[in-house]
file protein-v2.txt (compact mmCIF, C-alpha atoms)
# COMPACT_ATOMS: atom_id res chain seq x y z
CA MET O 1 0.00 0.00 0.00
CA PHE O 2 2.90 2.38 0.76
CA ASP O 3 4.45 1.90 -2.69
CA GLU O 4 1.02 2.17 -4.33
CA TYR O 5 0.34 5.53 -2.65
CA PHE O 6 3.59 7.01 -3.95
CA ALA O 7 3.29 5.31 -7.38
CA VAL O 8 6.44 3.24 -6.84
CA SER O 9 7.11 0.01 -8.73
CA ARG O 10 10.02 -2.30 -7.99
CA CYS O 11 12.15 -4.51 -10.18
CA ALA O 12 15.27 -6.59 -9.55
CA CYS O 13 16.45 -6.44 -13.18
CA ALA O 14 19.43 -4.26 -14.11
CA PRO O 15 19.39 -2.50 -10.72
CA ALA O 16 22.13 0.05 -11.40
CA PRO O 17 20.57 1.52 -14.60
CA LEU O 18 17.14 1.56 -12.94
CA LEU O 19 18.45 3.48 -9.96
CA ILE O 20 20.27 5.99 -12.17
CA ASP O 21 17.11 6.49 -14.25
CA ALA O 22 15.03 6.92 -11.09
CA LEU O 23 17.44 9.54 -9.74
CA ASP O 24 17.50 11.35 -13.07
CA ASP O 25 13.70 11.44 -13.38
CA THR O 26 12.92 12.36 -9.78
CA LEU O 27 15.63 15.02 -9.56
CA ALA O 28 14.30 16.68 -12.71
CA ALA O 29 10.69 16.57 -11.50
CA VAL O 30 11.47 18.04 -8.08
CA ARG O 31 13.62 20.80 -9.55
CA ALA O 32 10.39 22.12 -11.08
CA PHE O 33 9.27 22.90 -7.52
CA SER O 34 12.50 24.48 -6.39
CA ARG O 35 14.17 26.48 -9.10
CA HIS O 36 14.84 30.21 -9.17
CA PRO O 37 13.47 32.29 -12.07
CA ASP O 38 16.83 31.90 -13.84
CA GLY O 39 16.48 28.11 -13.72
CA SER O 40 19.07 27.48 -10.99
CA SER O 41 18.17 25.27 -8.05
CA THR O 42 17.28 26.65 -4.62
CA GLU O 43 18.86 23.51 -3.17
CA PRO O 44 22.45 23.09 -4.46
CA ASN O 45 22.72 19.78 -2.59
CA LEU O 46 20.59 18.27 -5.35
CA GLU O 47 23.29 19.20 -7.86
CA LEU O 48 25.98 17.64 -5.66
CA ALA O 49 23.98 14.42 -5.44
CA ALA O 50 23.53 14.35 -9.21
CA HIS O 51 27.28 14.78 -9.64
CA ALA O 52 27.96 11.98 -7.14
CA ALA O 53 25.70 9.72 -9.23
CA GLY O 54 27.46 10.71 -12.45
CA LEU O 55 24.47 12.66 -13.75
CA ASP O 56 24.16 15.99 -15.50
CA LEU O 57 21.30 17.62 -13.65
CA ARG O 58 18.66 18.26 -16.28
CA THR O 59 15.72 20.60 -15.92
CA ASP O 60 12.10 19.54 -16.12
CA ASN O 61 10.55 22.16 -18.41
CA ARG O 62 7.08 21.75 -16.99
CA GLU O 63 5.61 24.69 -15.10
CA PRO O 64 6.24 24.68 -11.33
CA ARG O 65 3.58 22.93 -9.28
CA THR O 66 0.89 25.06 -7.67
CA GLN O 67 -1.18 24.60 -4.55
CA ALA O 68 -3.81 22.89 -6.72
CA THR O 69 -1.34 20.01 -7.18
CA VAL O 70 0.03 19.93 -3.66
CA ARG O 71 -0.54 16.17 -3.33
CA GLN O 72 1.48 15.61 -6.49
CA ARG O 73 4.29 17.70 -5.00
CA TRP O 74 4.11 15.51 -1.88
CA ILE O 75 4.34 12.35 -3.98
CA GLN O 76 7.12 13.54 -6.32
CA GLY O 77 9.23 14.77 -3.41
CA HIS O 78 8.93 11.44 -1.64
CA ARG O 79 9.84 9.56 -4.81
CA LEU O 80 13.08 11.56 -4.96
CA PHE O 81 13.66 10.85 -1.28
CA PHE O 82 13.27 7.11 -1.91
CA ALA O 83 15.72 7.16 -4.84
CA LEU O 84 18.27 9.09 -2.76
CA THR O 85 17.80 6.64 0.10
CA GLN O 86 18.65 3.74 -2.20
CA ALA O 87 21.64 5.63 -3.59
CA THR O 88 22.83 6.10 0.00
CA VAL O 89 22.54 2.35 0.58
CA VAL O 90 24.63 1.64 -2.54
CA ALA O 91 27.28 4.12 -1.38
CA LEU O 92 27.41 2.60 2.10
CA ARG O 93 27.84 -0.88 0.64
CA HIS O 94 30.64 0.45 -1.54
CA ALA O 95 32.32 1.81 1.61
CA LEU O 96 31.96 -1.59 3.26
CA ARG O 97 33.32 -3.65 0.35
CA ALA O 98 36.02 -1.32 -0.97
CA PRO O 99 39.48 -2.96 -0.85
CA SER O 100 41.22 0.28 0.16
CA PRO O 101 40.61 3.20 2.54
CA ALA O 102 40.42 5.52 -0.47
CA GLY O 103 37.56 3.46 -1.91
CA SER O 104 35.75 3.40 1.42
CA ALA O 105 36.18 7.16 1.75
CA LEU O 106 34.61 7.66 -1.68
CA GLY O 107 31.62 5.57 -0.61
CA LEU O 108 31.20 7.56 2.61
CA GLU O 109 31.47 10.92 0.85
CA SER O 110 28.93 9.82 -1.76
CA ALA O 111 26.59 8.62 0.99
CA ALA O 112 26.92 12.02 2.68
CA HIS O 113 26.04 13.80 -0.59
CA PHE O 114 22.95 11.67 -1.05
CA LEU O 115 21.86 12.22 2.55
CA ARG O 116 22.30 15.99 2.25
CA ALA O 117 20.16 15.89 -0.88
CA SER O 118 17.60 13.84 1.06
CA ALA O 119 17.31 16.68 3.57
CA SER O 120 16.83 19.09 0.66
CA ALA O 121 14.16 16.81 -0.80
CA LEU O 122 12.28 16.89 2.49
CA ARG O 123 12.36 20.68 2.59
CA ILE O 124 11.17 20.99 -1.01
CA THR O 125 8.45 18.39 -0.55
CA ALA O 126 6.96 20.31 2.36
CA SER O 127 7.22 23.80 0.85
CA PHE O 128 3.50 24.47 0.86
CA ASP O 129 0.98 25.84 3.36
CA ALA O 130 0.18 23.88 6.49
CA GLN O 131 -3.50 24.28 5.71
CA ASP O 132 -2.98 22.46 2.41
CA TYR O 133 -1.40 19.59 4.34
CA HIS O 134 -4.40 19.30 6.65
CA ASP O 135 -6.95 19.77 3.87
CA THR O 136 -5.37 17.61 1.15
CA VAL O 137 -2.32 15.55 2.11
CA ARG O 138 -3.08 14.18 5.56
CA PRO O 139 -6.61 13.01 4.67
CA SER O 140 -5.15 11.08 1.72
CA MET O 141 -3.00 9.09 4.19
CA THR O 142 -5.83 8.16 6.57
CA PRO O 143 -8.74 5.68 6.30
CA PRO O 144 -10.56 5.03 4.06
CA GLN O 145 -7.98 6.33 1.53
CA ALA O 146 -5.08 4.54 3.29
CA PRO O 147 -4.75 1.94 6.05
CA ARG O 148 -4.62 3.08 9.67
CA GLY O 149 -1.13 3.95 10.89
CA PHE O 150 0.22 4.87 7.44
CA SER O 151 3.91 5.66 8.00
CA GLY O 152 7.28 6.07 6.33
CA LEU O 153 8.43 3.23 8.55
CA TRP O 154 6.52 0.97 6.14
CA SER O 155 9.01 1.85 3.42
CA ALA O 156 11.24 -0.99 2.25
CA ASP O 157 13.90 1.61 1.41
CA HIS O 158 13.91 2.86 5.00
CA ARG O 159 14.40 -0.64 6.38
CA VAL O 160 17.37 -1.33 4.09
CA LEU O 161 18.95 2.04 4.92
CA VAL O 162 18.73 1.40 8.66
CA GLN O 163 20.27 -2.05 8.16
CA SER O 164 23.09 -0.58 6.04
CA LEU O 165 23.84 2.13 8.61
CA ARG O 166 24.01 -0.55 11.28
CA GLU O 167 26.38 -2.66 9.17
CA TRP O 168 28.68 0.28 8.57
CA GLY O 169 28.56 1.22 12.26
CA ARG O 170 29.75 -2.27 13.19
CA ALA O 171 32.48 -2.32 10.54
CA ALA O 172 33.77 1.24 10.95
CA PRO O 173 36.00 0.52 13.98
CA THR O 174 37.79 -2.20 12.01
CA LYS O 175 38.58 0.16 9.13
CA SER O 176 41.55 2.48 8.71
CA SER O 177 41.72 5.37 11.16
CA THR O 178 41.96 7.70 8.15
CA LEU O 179 38.24 7.11 7.60
CA ARG O 180 37.19 8.55 10.96
CA PRO O 181 36.67 12.14 9.67
CA ALA O 182 34.46 10.85 6.84
CA HIS O 183 32.59 8.68 9.34
CA ARG O 184 31.96 11.66 11.62
CA ARG O 185 30.68 13.71 8.66
CA LEU O 186 28.27 10.90 7.85
CA VAL O 187 26.92 11.01 11.41
CA GLU O 188 26.55 14.79 11.22
CA VAL O 189 24.74 14.66 7.88
CA LEU O 190 22.36 12.01 9.19
CA THR O 191 21.50 14.47 11.95
CA ASP O 192 20.81 17.13 9.31
CA VAL O 193 18.32 14.78 7.64
CA HIS O 194 16.67 14.26 11.02
CA HIS O 195 16.38 18.02 11.57
CA ALA O 196 14.79 18.43 8.14
CA HIS O 197 12.29 15.68 8.93
CA VAL O 198 11.50 17.22 12.31
CA GLY O 199 11.01 20.56 10.56
CA VAL O 200 8.37 19.04 8.30
CA CYS O 201 6.66 17.34 11.23
CA SER O 202 6.72 20.47 13.40
CA ARG O 203 5.32 22.63 10.63
CA PHE O 204 2.42 20.38 9.73
CA VAL O 205 1.67 18.44 12.93
CA GLY O 206 3.24 20.51 15.73
CA SER O 207 2.83 18.65 19.01
CA GLY O 208 0.12 16.45 17.51
CA PRO O 209 0.41 12.67 17.12
CA SER O 210 1.89 10.87 14.14
CA LEU O 211 -0.36 8.67 12.03
CA LEU O 212 1.51 5.59 13.26
CA ARG O 213 2.18 6.27 16.93
CA GLY O 214 -1.26 7.36 18.05
CA ALA O 215 -0.93 9.49 21.19
CA GLU O 216 2.85 9.92 20.96
CA PRO O 217 3.80 13.32 19.47
CA GLY O 218 5.32 12.91 16.01
CA VAL O 219 8.40 15.02 16.81
CA GLN O 220 9.10 12.92 19.91
CA ALA O 221 8.93 9.72 17.87
CA LEU O 222 11.36 11.16 15.30
CA ASP O 223 13.82 12.19 18.02
CA ARG O 224 13.82 8.66 19.39
CA LEU O 225 14.40 7.15 15.95
CA CYS O 226 17.26 9.59 15.20
CA GLN O 227 19.01 8.70 18.45
CA ARG O 228 18.71 5.01 17.58
CA ARG O 229 20.29 5.56 14.16
CA ARG O 230 23.18 7.55 15.63
CA THR O 231 23.72 4.71 18.08
CA ASN O 232 23.81 2.26 15.17
CA LEU O 233 26.59 4.28 13.53
CA ASP O 234 28.60 4.63 16.74
CA ALA O 235 27.83 1.19 18.13
CA ALA O 236 31.47 0.20 18.66
CA PRO O 237 34.48 2.12 20.04
CA ALA O 238 36.64 3.82 17.40
CA ALA O 239 39.97 2.67 18.85
CA ARG O 240 39.97 -0.94 17.62
CA PRO O 241 42.91 -2.01 15.42
CA ALA O 242 42.45 -1.13 11.76
CA GLN O 243 41.64 -4.09 9.56
CA LEU O 244 39.36 -4.74 6.65
CA ALA O 245 36.01 -6.37 7.34
CA ASP O 246 34.56 -8.91 4.93
CA THR O 247 31.01 -8.20 3.84
CA ARG O 248 28.62 -10.10 1.64
CA ASN O 249 27.34 -8.70 -1.61
CA GLU O 250 23.61 -8.34 -1.08
CA ASN O 251 20.98 -7.57 -3.70
CA LEU O 252 19.05 -4.33 -3.40
CA THR O 253 15.49 -4.05 -4.65
CA LEU O 254 15.15 -0.84 -6.61
CA HIS O 255 12.20 1.35 -7.47
CA HIS O 256 11.56 3.34 -10.59
call {"tool": "encode", "arguments": {"input": "protein-v2.txt", "output": "structure tokens"}}
result
Amino acid sequence: MFDEYFAVSRCACAPAPLLIDALDDTLAAVRAFSRHPDGSSTEPNLELAAHAAGLDLRTDNREPRTQATVRQRWIQGHRLFFALTQATVVALRHALRAPSPAGSALGLESAAHFLRASASALRITASFDAQDYHDTVRPSMTPPQAPRGFSGLWSADHRVLVQSLREWGRAAPTKSSTLRPAHRRLVEVLTDVHHAHVGVCSRFVGSGPSLLRGAEPGVQALDRLCQRRRTNLDAAPAARPAQLADTRNENLTLHH
């Protein structure tokens, strides 16, 4: 139901080209919501993410979305967020499997770029009036339009990202000490994504409950989840001897 709401389809065939196509399409669509009159992006982190993926950031020539299409803005922004989440997973797995510290550093820096762009995607997605959220978006995510407790925690991409962050957190202490600055930047950027998510929640829900957690305030639930993810990244002390950790090559289900 979560994928259906956001018009996401998944395929295990040719995963790398599918992910690149998904990034290209969703970046172009969301730029229509966020460009200056001269065509430049209000969120330069999107351009950095495109560069990290080897893309030339193209412009969607459609007219910017209006309040009349606020639900479409909500959906397109989330589709970009999902593609960036999967790109982050790929980058983290590259950092885990790379045979050299330089290769691992490239994976970590790419993951940081994709996470920064994820924070930008959240800000762009929510750049409409709170009243529009309550009148249009939130009702579309509640019964009878959607099952009770509709939540981003239902996302398959979110589950894989959390698992990948945990795997890197366990492996990081066994890696070269030269990777520690890149690791710390990754932790800091993950916090930036959290702040962007909290900003969306605070703007639209305030101290009200999330759709999933019932009586628990949405911001409080997000704070708890962010702390858990930071713990996953810093699960082991950083002073262990440097050695390479073996990791298995796992398949990633992609959306397009």
call {"tool": "closest_residue", "arguments": {"input": "protein-v2.txt", "among": "O:Val198, O:Val205, O:Ala83, O:Val162", "to": "O:Arg138", "atoms": "only C-alpha atoms"}}
result
O:Val205
call {"tool": "atom_distance", "arguments": {"input": "protein-v2.txt", "atom1": "atom CA of O:Ser104", "atom2": "atom CA of O:Leu122"}}
result
27.1 Å
call {"tool": "closest_residue", "arguments": {"input": "protein-v2.txt", "among": "O:Ala32, O:Leu153, O:Val70, O:Leu84", "to": "O:Arg116", "atoms": "all atoms listed in the file"}}
result
O:Leu84
call {"tool": "axis_aligned_box", "arguments": {"input": "protein-v2.txt", "around": "stretch 177-196 of chain O", "padding_each_side": "3 Å", "output": "AutoDock Vina command-line options"}}
result
--center_x 28.4 --center_y 11.9 --center_z 9.4 --size_x 33.2 --size_y 19.1 --size_z 11.1
call {"tool": "closest_residue", "arguments": {"input": "protein-v2.txt", "among": "O:Val193, O:Asp132, O:Ser164, O:His183", "to": "O:Ala91", "atoms": "all atoms listed in the file"}}
result
O:Ser164
call {"tool": "closest_residue", "arguments": {"input": "protein-v2.txt", "among": "O:Leu233, O:Arg123, O:Thr85, O:Asp25", "to": "O:Pro173", "atoms": "only C-alpha atoms"}}
result
O:Leu233
call {"tool": "closest_residue", "arguments": {"input": "protein-v2.txt", "among": "O:Leu179, O:Leu23, O:Ala52, O:Val137", "to": "O:Ser100", "atoms": "all atoms listed in the file"}}
result
O:Leu179
call {"tool": "atom_distance", "arguments": {"input": "protein-v2.txt", "atom1": "atom CA of O:Asn45", "atom2": "atom CA of O:Asp3"}}
result
25.6 Å
call {"tool": "atom_distance", "arguments": {"input": "protein-v2.txt", "atom1": "atom CA of O:Phe82", "atom2": "atom CA of O:His158"}}
result
8.1 Å
call {"tool": "closest_residue", "arguments": {"input": "protein-v2.txt", "among": "O:Arg148, O:Arg180, O:Arg166, O:His134", "to": "O:Arg203", "atoms": "only C-alpha atoms"}}
result
O:His134
call {"tool": "residues_around", "arguments": {"input": "protein-v2.txt", "residues": "O:Ala146", "least_positions_apart": "4", "cutoff": "10 Å", "atoms": "only C-alpha atoms", "output": "NGL selection string"}}
result
:O and (1-2 or 5 or 139-142 or 150)
call {"tool": "write_last_selection", "arguments": {"input": "protein-v2.txt", "atoms": "C-alpha atoms", "output": "CSV table (one decimal), in the frame of the given file"}}
result
chain,number,residue,atom,x,y,z
O,1,MET,CA,0.0,0.0,0.0
O,2,PHE,CA,2.9,2.4,0.8
O,5,TYR,CA,0.3,5.5,-2.6
O,139,PRO,CA,-6.6,13.0,4.7
O,140,SER,CA,-5.2,11.1,1.7
O,141,MET,CA,-3.0,9.1,4.2
O,142,THR,CA,-5.8,8.2,6.6
O,150,PHE,CA,0.2,4.9,7.4
call {"tool": "residues_around", "arguments": {"input": "protein-v2.txt", "residues": "O:Thr178", "least_positions_apart": "2", "cutoff": "10 Å", "atoms": "all atoms listed in the file", "output": "list in words"}}
result
Pro101, Ala102, Ala105, Lys175, Ser176, Arg180, Pro181, Ala182, His183 and Ala242 of chain O
call {"tool": "write_last_selection", "arguments": {"input": "protein-v2.txt", "atoms": "C-alpha atoms", "output": "short mmCIF file (atom, residue, chain, number, x, y, z; two decimals), in the coordinates of the input"}}
result
data_model
loop_
_atom_site.label_atom_id
_atom_site.label_comp_id
_atom_site.auth_asym_id
_atom_site.auth_seq_id
_atom_site.Cartn_x
_atom_site.Cartn_y
_atom_site.Cartn_z
CA PRO O 101 40.61 3.20 2.54
CA ALA O 102 40.42 5.52 -0.47
CA ALA O 105 36.18 7.16 1.75
CA LYS O 175 38.58 0.16 9.13
CA SER O 176 41.55 2.48 8.71
CA ARG O 180 37.19 8.55 10.96
CA PRO O 181 36.67 12.14 9.67
CA ALA O 182 34.46 10.85 6.84
CA HIS O 183 32.59 8.68 9.34
CA ALA O 242 42.45 -1.13 11.76
#
